[in-house]
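Structure first, then comments.
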Protein chains: 2
Amino acid sequence: MKYRIITIEREYASGGSEIGARVGLELDVPCYGKEVLERAAERMQTVPERLIHLEESTSNSLLFSLGMANRVALGERDGLTEEGELYVVEEQVIQDMALQGPCVIVGRCADYILRDKADCLTVFIHADMKFRAERIVREYGEREQSPEERLRDKDKRRAAYHRFYTDMKWGYAQNYHLTLDSGVLGIDRCVETICALYR
Amino acid sequence: MKYRIITIEREYASGGSEIGARVGLELDVPCYGKEVLERAAERMQTVPERLIHLEESTSNSLLFSLGMANRVALGERDGLTEEGELYVVEEQVIQDMALQGPCVIVGRCADYILRDKADCLTVFIHADMKFRAERIVREYGEREQSPEERLRDKDKRRAAYHRFYTDMKWGYAQNYHLTLDSGVLGIDRCVETICALYR
């Protein structure tokens, strides 16, 4: 099959964003990560800095969430929480990006949002705690919380976010065409493997 | 990293065995699938036909199983069920195969059995129901049970077998270095991807 779009979901600090950016460079197609948030902010007439804390976030109230999930599924913005509204706008941004031509999209449930497009290659990147803990410190510096705790928090949030909006099991191989362990294989081999399958 | 061994776990009828055999041919290393059962039968002084129904099988009694799991973990054969004994013998066969040199091993929890070997590339192959249903009829013919029911039965057995002996979640990306959707990517691309990562 000839692919047009590559979606990359990734465990926090597994190198998924770097892999996406390098795949984009290698294939000479744009890679969208934080650009999704930036375009959503434009459409919501605000700045990304005011929205960033809402990404990968879900309401804690189950009953409230159930009602919201229906409205999100229908693409309705009225009566949504701020998180829900951001999700709906990002969904539209991602659909528009996919229409504009070949690209790589990192995170933000793009695999699910574009699930009915036959020309998507869906990828999941993961790595063990040790690899990601070293990476999180190198990339984002030390914090009061230990790297392992920060990763566990992030993992939990990301899995909950995905379950809420997509009803897919996070990290389950069957959801993806390709999954790669960036810790064992290394970033370079991950980039090569994705590019080889795309071509 | 330079790999010596490739282990391939696979959903039933996803083409994992064919992929394993072709990877072996391509890399000029032996591929062991049913050969594991054949060698185990030799060591147990019987014929494979008498053991085949015990493969990927686990006792239904939970309490009994818990006791057995401990003995299996210690590699003890005394007091085991027939299934448990076969698992322990196959485990030894797989460890010996891995010592003999580079090879591909398909199924039989080889990924778990060789988990402490740093030079293993662990692969999981899956595909959707439609792809596998067509394949099961083409390869094994029609049966009274529908192809979908046969697949669901097999999936359930294989997942239970893995959980019992390895305590790993079946089909979970984090358990593998590489997972591939053979239905979407096709058998040829799966073979190429594995060979490229091995080299």
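Chain labels A, B, ... are given in the sequence in which chains occur in the structure tokens; within each chain residues are numbered consecutively from 1, and ligands are likewise numbered from 1 in the order shown.
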Counting only C-alpha atoms, give me one row per residue of chain B with an atom at most 6 Å from an atom of chain A, showing the shortest contact pair and its distance in Å to one decimal, sorted by chain then residue number, as CSV.
```
residue,atom,partner,partner_atom,distance
B:Gly171,CA,A:Ala173,CA,5.6
B:Tyr172,CA,A:Tyr172,CA,4.7
B:Ala173,CA,A:Ala173,CA,4.7
B:His177,CA,A:Asp181,CA,4.7
B:Leu178,CA,A:Leu180,CA,4.8
B:Thr179,CA,A:Thr179,CA,5.0
B:Leu180,CA,A:Leu178,CA,4.8
B:Asp181,CA,A:His177,CA,4.7
```
Those residues with N, CA and C atoms, as a PDB file, in the first residue's frame please?
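See again07.pdb below for the written result:
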```pdb
ATOM      1  N   GLY B 171      -0.109  -9.801  23.514  1.00  0.00           N
ATOM      2  CA  GLY B 171      -0.424  -8.765  22.531  1.00  0.00           C
ATOM      3  C   GLY B 171      -0.092  -7.351  22.974  1.00  0.00           C
ATOM      4  N   TYR B 172       0.566  -7.213  24.109  1.00  0.00           N
ATOM      5  CA  TYR B 172       0.898  -5.903  24.642  1.00  0.00           C
ATOM      6  C   TYR B 172       2.234  -5.457  24.022  1.00  0.00           C
ATOM      7  N   ALA B 173       2.234  -4.314  23.334  1.00  0.00           N
ATOM      8  CA  ALA B 173       3.417  -3.866  22.583  1.00  0.00           C
ATOM      9  C   ALA B 173       4.691  -3.865  23.430  1.00  0.00           C
ATOM     10  N   HIS B 177      10.090  -6.100  20.974  1.00  0.00           N
ATOM     11  CA  HIS B 177      10.888  -5.045  20.349  1.00  0.00           C
ATOM     12  C   HIS B 177      10.182  -4.511  19.116  1.00  0.00           C
ATOM     13  N   LEU B 178       9.398  -5.370  18.491  1.00  0.00           N
ATOM     14  CA  LEU B 178       8.767  -5.041  17.212  1.00  0.00           C
ATOM     15  C   LEU B 178       7.444  -5.778  17.116  1.00  0.00           C
ATOM     16  N   THR B 179       6.351  -5.075  16.779  1.00  0.00           N
ATOM     17  CA  THR B 179       5.111  -5.777  16.435  1.00  0.00           C
ATOM     18  C   THR B 179       4.658  -5.289  15.068  1.00  0.00           C
ATOM     19  N   LEU B 180       4.059  -6.197  14.290  1.00  0.00           N
ATOM     20  CA  LEU B 180       3.685  -5.886  12.910  1.00  0.00           C
ATOM     21  C   LEU B 180       2.285  -6.395  12.615  1.00  0.00           C
ATOM     22  N   ASP B 181       1.507  -5.612  11.899  1.00  0.00           N
ATOM     23  CA  ASP B 181       0.186  -6.024  11.434  1.00  0.00           C
ATOM     24  C   ASP B 181       0.354  -6.637  10.042  1.00  0.00           C
TER      25      ASP B 181
END
```
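Secondary structure from DSSP on the backbone puts strand (DSSP E) at the following positions of chain A: Ile5, Ile6, Thr7, Ile8, Glu9, Arg10, Cys31, Tyr32, Cys103, Val104, Ile105, Val106, Cys120, Leu121, Thr122, Val123, Phe124, Ile125, His126, Leu178, Thr179, Leu180 and Asp181 of chain A.
The coordinates place CA of Gly141 (chain A) at 20.5 Å from CA of Arg157 (chain A).
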Next item on the list: Find the spatial neighbours of region 23-36 of chain A, counting only C-alpha atoms, within a cut-off of 8 Å - ignore same-chain residues fewer than 4 positions away - and output them as a list in words.
Entry: Ser17, Ile19, Ala40, Glu90, Val93, Ile94, Pro102, Cys103, Val104, Ile105, Val106, Gly107, Val191, Glu192, Ile194 and Cys195 of chain A
Note to self: Can you measure CA of Val137 (chain A) to CA of Glu49 (chain A) for me? One decimal in Å is fine.
What the structure shows: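 Between CA of Val137 (chain A) and CA of Glu49 (chain A) the gap works out to 22.6 Å.
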Next item on the list: Measure the distance from CA of Pro147 (chain B) to CA of Ala133 (chain B) in Å and round it to one decimal.
Entry: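 Going from CA of Pro147 (chain B) over to CA of Ala133 (chain B), I get 5.2 Å.
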